[in-house]
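Each remark here refers to the structure printed beneath this line.
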Amino acid sequence: FQDQAEQFFRSSHTNNWAVLVCTSRFWFNYRHVANTLSVYRSVKRLGIPDSHIVLMLADDMACNPRNPKPATVFSHKNMELNVYGDDVEVDYRSYEVTVENFLRVLTGRIPPSTPRSKRLLSDDRSNILIYMTGHGGNGFLKFQDSEEITNVELADAFEQMWQKRRYNELLFIIDTCQGASMYERFYSPNIMALASSQVGEDSLSHQPDLGIGVHLMDRYTFYVLEFLEEIHPASQTNMNDLFQVCPKSLCVSTPGHRTDLFQRDPQNVLITDFFGSVRKVEITAETISLDPNLTTFESKPPKEELAAEPLKYAEQLPVAQIIHQKPKQKDWHPPGGFILGLWALIIMVFFKSYGIKHMKHIF
Amino acid sequence: RPAQFQLAAPLTVALSPTSLPRDLPAPLPFSETRERETRLNPRTSIASRSETLYRSTTAREEAALRAATPREADAALRRLQDAPPGALTVYVLPESSSLLPQGVDVYVGRHRSALVRAAPGLAALRARLQQVMHIMSFTDASISAALSDRVPASQLGPDAGRHFKSSLGYEITFSLLNPDPKSHDVHWDIEDAVGRYVQPLLDKLSFVANFSVASQILYYAVLGVTPRFDKDSSSFLLSAHSLPHVINPVEARLGSSAASLYPVLNFLLYVPERSHSPLYIQDKDGALVGTNAFHSPRWGGIMVYNVEGPAAPQASRPLRVDVDMVRVMEVFLAQLRLLFGISREVPPPEFLLESPGNEGLADWELDRLLWARTVENIATVSTTLTSLAQLLDKIGNIVIKDDVASEVYRAVVAVESAMEELALGRLDSAFQASKEAVTSSERAFFDPSLLHLLYFPDDQKFAIYIPLFLPMAVPILLSLAKMLREAKQSKKDPAKTD
């Protein structure tokens with residue numbers, strides 16, 4: 001009976017995924033890339049393999065021409081911790097990090113040519129950690145300085161995931177200004193959300209490094225990283241401790257969280273349920289009895305050679321065609337109702353005000 | 001509207017002249033039907049119907065039943081039978097028959113038949129038949145496990161989350177982990193073993209999904225946990241609660257095919273290092289596990305293969321080890337069955353269940369799997385199509401391409417035919433239809449063109465259009481006002497003509 005009670009409180013997931021997104025480019029947003037890479041490092045250390053992590057970095061800081069220490073991304077000043085490491089696998093890089101690609105990854109509506117490492121192949125027993133960082137505002141998050149994702153779109157994407165049962169439980173962490181606005185609109189079950197600041201507050205960065213010349217990390221993620229460094233795969237720390245990370249005295253902004261959509265009590269949710277990958281195991285008690293003498297190994301009949309047509313080099317870019325192409329004739333459409341009505345109104349008012357007899361002076 | 005699954009399982013009972021119960025309601029052959037309905041939740045219910053046909057045995061069946069052992073009888077009967085998937089045949093033997101061993105009343109074979117000892121009356125026979133159906137055919141529990149996302153979690157058993165969800169294909173990878181190549185030179189004839197033992201099972205399941213098998217050998221791959229040395233048995237032990245942490249460091253090195261999107265089953269064979277040999281796995285109570293193996297739901301299994309020390313202590317290292325593939329495959333196949341959700345109900349004590357043997361899977365176990373998969377596929381299709389319809393309702397300006405629309409129509413037609421076939425008891429065509437329905441509905445739902453961006457909140461619409469149109473509209477509105485005033489004025493004094 002105690003076993004059953006234990007099972008009820010424990011999570012029912014069998015695998016873990018992580019989607020880590022950094023949405024800012026340019027060298028002075030170094031801290032957002034460092035944020036994401038710190039979470040990536042913690043998540044890998046606690047057991048989630050690269051095949052289950054979708055890492056999206058909008059810019060390349062390690063090999064940025066302005067980086068005085070190439071091939072490194074530091075998270076502590078005085079260059080204590082290089083989070084770029086030896087085996088970082090970035091799945092979406094640079095200009096591939098767009099709102100469209102992000103939503104495609106979440107909902108699964110990906111073109112068939114996408115490789116396996118760029119897909120979120122979660123099922124109904126996956127716990128997913130989604131971490132987003134960048135510049136944001138009340139209800140939106142800026143991607144690449146050119147587009148934005150709104151909290152409504154994000155909530156709809158999560159609902160699409162829930163409809164297809166693409167997650168068991170979801171932990172959403174966001175470190176941007178006014179981050180709490182991003183989780184206000186969620187309405188799908190089994191989502192827990194954390195944000196670095198409330199609506200109307202800005203999330204602040206932690207410390208600049210004079211050698212590199214930029215701020216290295218944001219405060220909230222810095223303290224979360226410190227917290228996660230103490231977690232190991234077998235630890236029993238629960239979510240309530242994560243909620244206490246970075247109080248106002250350290251963070252200046254007030255971190256917020258939302259647990260009303262989540263079914264379990266945060267007290268019973270282990271940090272490793274989302275950040276690590278602790279698998280359920282069962283002892284194999286039975287075997288099948290095989291009789292080695294019974295079977296004869298029939299070698300597979302040799303595959304018939306399929307008559308293949310000889311391959312020839314295919315022009316990727318038919319340059320001759322492109323150069324001599326005429327511009328496509330755009331079909332002409334008559335103006336739509338609104339524009340037509342507007343023009344009719346303007347012309348009517350004009351002639352009523354000035355009188356028809358003045359027409360000959362105008363034309 | 002509540003959804004109702006109608007499942008039918010045809011059963012044929014062949015009675016030999018010496019085993020007829022005394023109180024038959026009608027002369028043979030006759031049939032009776034029994035229906036039962038179970039409600040899983042307010043929206044879903046299962047109506048199961050079992051049609052039982054009672055007939056007498058033919059002469060050839062009688063000859064087959066005179067075999068020496070139940071297994072031979074089963075094999076002989078199979079050649080005479082023409083039961084399609086989903087149907088079962090039960091042969092009733094006389095009470096004094098010696099074909100069944102002493103104390104055994106029911107023998108469940110490898111195919112779709114069972115041998116039952118006659119019972120004194122029809123009611124007792126019916127009770128026994130019901131027990132047979134419970135083992136060999138679908139049960140409420142197995143169907144509700146298939147519908148696990150519609151059933152509240154408290155009602156499901158512990159193994160509802162263990163098996164892989166229905167998918168169109170699976171990749172199976174066998175890996176040999178040798179952390180100490182300096183001491184052990186491990187050879188395994190995996191191709192032969194796969195061809196002999198695994199391929200028959202996969203061929204039998206080829207109706208269900210596509211399988212691809214791969215194997216690899218990894219050197220210097222260590223487990224994530226350091227085993228404890230136990231002085232009493234002078235062996236190393238892995239305790240049950242350290243097992244979950246074993247898998248992770250290895251998983252990063254296992255790799256998977258970049259091209260396919262199918263779920264992967266990993267089977268690992270670990271040969272411990274010389275310094276950690278022999279290595280045994282302990283279960284929760286501290287007892288040693290006989291198979292020395294464990295598995296993880298929806299992932300795969302790991303078995304530890306201990307190598308005997310060399311006979312002569314000064315034998316040269318590395319020691320050549322030829323893995324006994326039979327022992328290994330016995331464990332891996334058992335794990336494979338569990339991961340697929342092929343499990344047996346606990347039979348009553350007087351039942352004798354034949355082991356599936358080298359084929360790995362009894363025909364009736366395949367039927368049970370097909371029922372569960374068909375129901376799961378139908379439920380998935382209906383959820384997918386419903387949510388697709390809701391999505392398209394909510395967001396009015398998504399353009400639906402023609403091929404998406406045709407996939408949706410195909411899915412609807414296929415799922416309706418699957419429900420019909422299921423109600424008629426034709427399991428194989430029901431499963432095929434459900435598979436087609438799932439393929440079409442997934443293709444329609446996950447079509448890349450259905451991505452809706454550009455969420456325009458109302459306040460943004462105001463913010464964009466008002467600064468454009470308000471300045472332009474001011475002179476127009478003023479002129480309109482002027483026009484109206486002039487019109488009113490000319491009406492007041494109409495006779496002002498010059």
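As shown in the structure tokens, the chain order sets the letters A, B, ...; within each chain, residues go from 1, and ligands are also counted from 1 in the order they appear.
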**OP:** Define the interface residues of chain B facing chain A as those within 8 Å, counting only C-alpha atoms, and report them as an MDAnalysis selection string.
**Re:** chainID B and resid 161 192 195:197 243:245 247:249 251:252 258:261 283 289:298 326 330:331 333:335 355:358 360 383:384 387 445:451 453 455 476 479:480 483
May I have the selected residues written with C-alpha atoms, as an mmCIF file, in the first residue's frame?
```cif
data_model
loop_
_atom_site.group_PDB
_atom_site.id
_atom_site.type_symbol
_atom_site.label_atom_id
_atom_site.label_comp_id
_atom_site.auth_asym_id
_atom_site.auth_seq_id
_atom_site.Cartn_x
_atom_site.Cartn_y
_atom_site.Cartn_z
ATOM 1 C CA GLY B 161 3.050 3.517 -18.751
ATOM 2 C CA ASP B 192 23.263 -15.136 -36.013
ATOM 3 C CA GLY B 195 18.438 -14.070 -37.259
ATOM 4 C CA ARG B 196 17.554 -17.070 -35.146
ATOM 5 C CA TYR B 197 15.738 -15.659 -32.188
ATOM 6 C CA LEU B 243 19.955 1.360 -11.090
ATOM 7 C CA PRO B 244 18.163 4.483 -12.366
ATOM 8 C CA HIS B 245 21.477 6.316 -12.520
ATOM 9 C CA ILE B 247 21.709 4.491 -17.827
ATOM 10 C CA ASN B 248 22.454 8.164 -18.305
ATOM 11 C CA PRO B 249 26.194 8.268 -18.919
ATOM 12 C CA GLU B 251 22.982 6.892 -23.250
ATOM 13 C CA ALA B 252 24.999 9.797 -24.537
ATOM 14 C CA ALA B 258 19.679 10.354 -37.844
ATOM 15 C CA ALA B 259 17.201 9.634 -40.577
ATOM 16 C CA SER B 260 14.368 7.829 -38.899
ATOM 17 C CA LEU B 261 11.945 9.244 -36.387
ATOM 18 C CA ASP B 283 16.464 -6.172 -6.004
ATOM 19 C CA VAL B 289 18.262 -11.124 -9.435
ATOM 20 C CA GLY B 290 18.265 -14.370 -11.365
ATOM 21 C CA THR B 291 18.404 -12.843 -14.794
ATOM 22 C CA ASN B 292 20.954 -10.178 -13.763
ATOM 23 C CA ALA B 293 19.026 -7.744 -15.903
ATOM 24 C CA PHE B 294 16.700 -4.775 -15.608
ATOM 25 C CA HIS B 295 14.679 -2.706 -18.010
ATOM 26 C CA SER B 296 13.379 0.827 -18.188
ATOM 27 C CA PRO B 297 9.902 1.632 -19.535
ATOM 28 C CA ARG B 298 9.877 2.981 -23.070
ATOM 29 C CA VAL B 326 20.953 -18.077 -26.048
ATOM 30 C CA GLU B 330 16.194 -15.236 -23.539
ATOM 31 C CA VAL B 331 16.442 -12.157 -21.354
ATOM 32 C CA LEU B 333 13.286 -11.214 -25.735
ATOM 33 C CA ALA B 334 11.495 -11.220 -22.401
ATOM 34 C CA GLN B 335 12.301 -7.536 -22.022
ATOM 35 C CA SER B 355 5.535 -20.889 -23.278
ATOM 36 C CA PRO B 356 5.743 -19.081 -26.585
ATOM 37 C CA GLY B 357 8.935 -20.899 -27.549
ATOM 38 C CA ASN B 358 11.247 -19.829 -30.301
ATOM 39 C CA GLY B 360 8.658 -15.490 -29.088
ATOM 40 C CA THR B 383 -8.600 13.022 -30.400
ATOM 41 C CA THR B 384 -6.398 14.271 -33.235
ATOM 42 C CA SER B 387 -8.416 18.963 -31.843
ATOM 43 C CA PHE B 445 -2.429 17.330 -38.034
ATOM 44 C CA PHE B 446 1.329 17.786 -38.330
ATOM 45 C CA ASP B 447 1.288 19.286 -41.785
ATOM 46 C CA PRO B 448 3.793 22.152 -41.749
ATOM 47 C CA SER B 449 1.390 24.490 -43.486
ATOM 48 C CA LEU B 450 -0.959 24.619 -40.506
ATOM 49 C CA LEU B 451 1.193 26.934 -38.486
ATOM 50 C CA LEU B 453 1.417 33.085 -36.770
ATOM 51 C CA TYR B 455 -1.620 36.941 -33.584
ATOM 52 C CA ILE B 476 -13.643 64.620 -44.807
ATOM 53 C CA SER B 479 -16.779 68.676 -45.161
ATOM 54 C CA LEU B 480 -19.571 66.197 -44.601
ATOM 55 C CA MET B 483 -22.627 69.586 -46.664
#
```
Subject >> Which of range 72-185 of chain A fall in strand (DSSP E), as a PyMOL selection string >> reply: chain A and resi 92-93+126-133+136-137+140-143+147-150+169-175
Subject >> Residues of range 12-233 of chain B in alpha helix (DSSP H), written as JSON, numbers by chain >> reply: {"B": [59, 60, 61, 62, 63, 64, 70, 71, 72, 73, 74, 75, 76, 77, 78, 79, 80, 122, 123, 124, 125, 126, 127, 128, 129, 130, 131, 132, 133, 134, 135, 136, 140, 141, 142, 143, 144, 145, 146, 190, 191, 192, 193, 199, 200, 201, 202, 203, 204]}
Give me, as a tab-separated table (two decimals) with C-alpha atoms, in the first residue's frame, all polymer residues having an atom no more than 10 Å from range 239-250 of chain A, counting only C-alpha atoms and skipping those fewer than 4 positions away in the same chain.
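Saved result, out.tsv, follows:
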```tsv
chain	number	residue	atom	x	y	z
A	192	MET	CA	4.37	25.09	-13.98
A	194	LEU	CA	8.69	30.54	-13.23
A	195	ALA	CA	9.68	34.04	-14.22
A	196	SER	CA	12.44	36.33	-13.16
A	197	SER	CA	10.32	39.45	-12.70
A	206	HIS	CA	24.46	40.43	-12.68
A	219	ARG	CA	20.83	37.81	-11.90
A	220	TYR	CA	18.00	35.33	-11.79
A	221	THR	CA	19.75	32.73	-13.91
A	222	PHE	CA	22.99	33.29	-12.04
A	223	TYR	CA	21.36	32.32	-8.77
A	224	VAL	CA	19.46	29.48	-10.38
A	225	LEU	CA	22.78	28.15	-11.71
A	226	GLU	CA	24.29	28.38	-8.25
A	227	PHE	CA	21.32	26.47	-6.91
A	228	LEU	CA	21.58	23.82	-9.60
A	254	THR	CA	10.56	39.88	-7.69
A	255	PRO	CA	10.60	36.40	-9.23
A	256	GLY	CA	7.20	34.90	-9.74
A	257	HIS	CA	5.79	31.46	-10.30
A	258	ARG	CA	2.54	29.89	-11.31
A	265	ASP	CA	1.90	19.78	-5.14
A	266	PRO	CA	5.25	21.53	-5.84
A	267	GLN	CA	6.48	20.04	-2.59
A	268	ASN	CA	6.43	16.62	-4.23
A	269	VAL	CA	8.01	17.65	-7.47
A	270	LEU	CA	11.71	16.91	-7.55
A	271	ILE	CA	14.12	19.21	-9.32
A	272	THR	CA	15.44	16.19	-11.16
A	273	ASP	CA	11.95	15.52	-12.55
A	274	PHE	CA	12.62	18.33	-14.99
```
Subject >> Residue with smallest distance to His215 in chain A - pool A:Asn35, A:Ile53, A:Arg41, A:Leu261, counting only C-alpha atoms >> reply: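 Of A:Asn35, A:Ile53, A:Arg41, A:Leu261, the one nearest His215 in chain A, counting only C-alpha atoms, is A:Asn35.
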**OP:** Determine, counting only C-alpha atoms, which protein, DNA and RNA residues have an atom within 12 Å of an atom of Arg126 in chain B; residues of the same chain fewer than 4 positions away are not included. Present the result as a list in words.
**Re:** Leu11, Val13, Pro21, Asp23, Leu24, Glu32, Arg34, Thr52, Tyr54, Val90, Val92, Val116, Ala118, Ala119, Pro120, Gly121, Leu122, Gln130, Gln131, Val132 and Met133 of chain B
Those selected residues, please, written with N, CA and C atoms and delivered as a short mmCIF file (atom, residue, chain, number, x, y, z; two decimals), in the first residue's frame.
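See result35.cif below for the written result:
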```cif
data_model
loop_
_atom_site.label_atom_id
_atom_site.label_comp_id
_atom_site.auth_asym_id
_atom_site.auth_seq_id
_atom_site.Cartn_x
_atom_site.Cartn_y
_atom_site.Cartn_z
N LEU B 11 -15.88 -16.98 -30.49
CA LEU B 11 -15.32 -18.14 -29.82
C LEU B 11 -16.03 -19.38 -30.33
N VAL B 13 -16.54 -23.42 -29.60
CA VAL B 13 -16.31 -24.48 -28.62
C VAL B 13 -16.61 -25.80 -29.30
N PRO B 21 -21.88 -31.83 -22.10
CA PRO B 21 -22.54 -31.64 -20.81
C PRO B 21 -23.99 -32.09 -20.91
N ASP B 23 -26.73 -30.80 -19.74
CA ASP B 23 -27.84 -29.86 -19.80
C ASP B 23 -27.69 -28.84 -20.92
N LEU B 24 -27.45 -29.34 -22.13
CA LEU B 24 -27.37 -28.43 -23.27
C LEU B 24 -28.75 -27.89 -23.60
N GLU B 32 -24.61 -18.80 -28.83
CA GLU B 32 -25.20 -17.84 -27.90
C GLU B 32 -24.29 -16.61 -27.83
N ARG B 34 -23.25 -13.04 -25.66
CA ARG B 34 -23.34 -12.34 -24.38
C ARG B 34 -22.74 -10.96 -24.55
N THR B 52 -20.50 -17.15 -28.92
CA THR B 52 -19.96 -18.48 -28.73
C THR B 52 -20.72 -19.45 -29.59
N TYR B 54 -21.22 -23.37 -30.34
CA TYR B 54 -20.96 -24.72 -29.84
C TYR B 54 -21.16 -25.70 -30.99
N VAL B 90 -11.90 -23.56 -28.61
CA VAL B 90 -11.66 -24.31 -27.38
C VAL B 90 -12.14 -25.74 -27.61
N VAL B 92 -13.12 -29.26 -25.94
CA VAL B 92 -13.50 -29.78 -24.63
C VAL B 92 -13.21 -31.27 -24.60
N VAL B 116 -9.67 -27.84 -22.87
CA VAL B 116 -10.34 -27.69 -21.58
C VAL B 116 -10.92 -29.03 -21.17
N ALA B 118 -13.69 -31.28 -19.52
CA ALA B 118 -15.14 -31.06 -19.41
C ALA B 118 -15.54 -30.84 -17.96
N ALA B 119 -16.55 -30.02 -17.81
CA ALA B 119 -17.06 -29.76 -16.47
C ALA B 119 -18.43 -30.40 -16.34
N PRO B 120 -18.86 -30.67 -15.11
CA PRO B 120 -20.12 -31.39 -14.93
C PRO B 120 -21.33 -30.74 -15.62
N GLY B 121 -21.47 -29.46 -15.56
CA GLY B 121 -22.66 -28.88 -16.15
C GLY B 121 -22.30 -27.75 -17.09
N LEU B 122 -23.30 -27.26 -17.80
CA LEU B 122 -23.04 -26.19 -18.75
C LEU B 122 -22.59 -24.92 -18.03
N GLN B 130 -15.17 -18.62 -19.58
CA GLN B 130 -14.95 -17.21 -19.30
C GLN B 130 -13.53 -16.98 -18.79
N GLN B 131 -13.02 -17.90 -17.98
CA GLN B 131 -11.64 -17.76 -17.51
C GLN B 131 -10.67 -17.84 -18.68
N VAL B 132 -10.96 -18.74 -19.62
CA VAL B 132 -10.08 -18.85 -20.79
C VAL B 132 -10.08 -17.55 -21.58
N MET B 133 -11.27 -17.00 -21.78
CA MET B 133 -11.36 -15.74 -22.53
C MET B 133 -10.62 -14.63 -21.81
#
```
Original post:
Please, what distance in Å, to one decimal, runs between CA of Arg228 in chain B and CA of Arg317 in chain B?
Top reply: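 Rounded to one decimal, the two atoms are 24.8 Å apart.
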Original post:
In Å, with one decimal, what is the gap from CA of Tyr219 in chain B to CA of Leu176 in chain B?
Top reply: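 If I compute the distance from CA of Tyr219 in chain B to CA of Leu176 in chain B, I get 8.3 Å.
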**OP:** For CA of Ala481 in chain B and CA of Phe462 in chain B, quote the distance in Å rounded to one decimal.
**Re:**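 So the answer is 24.8 Å.
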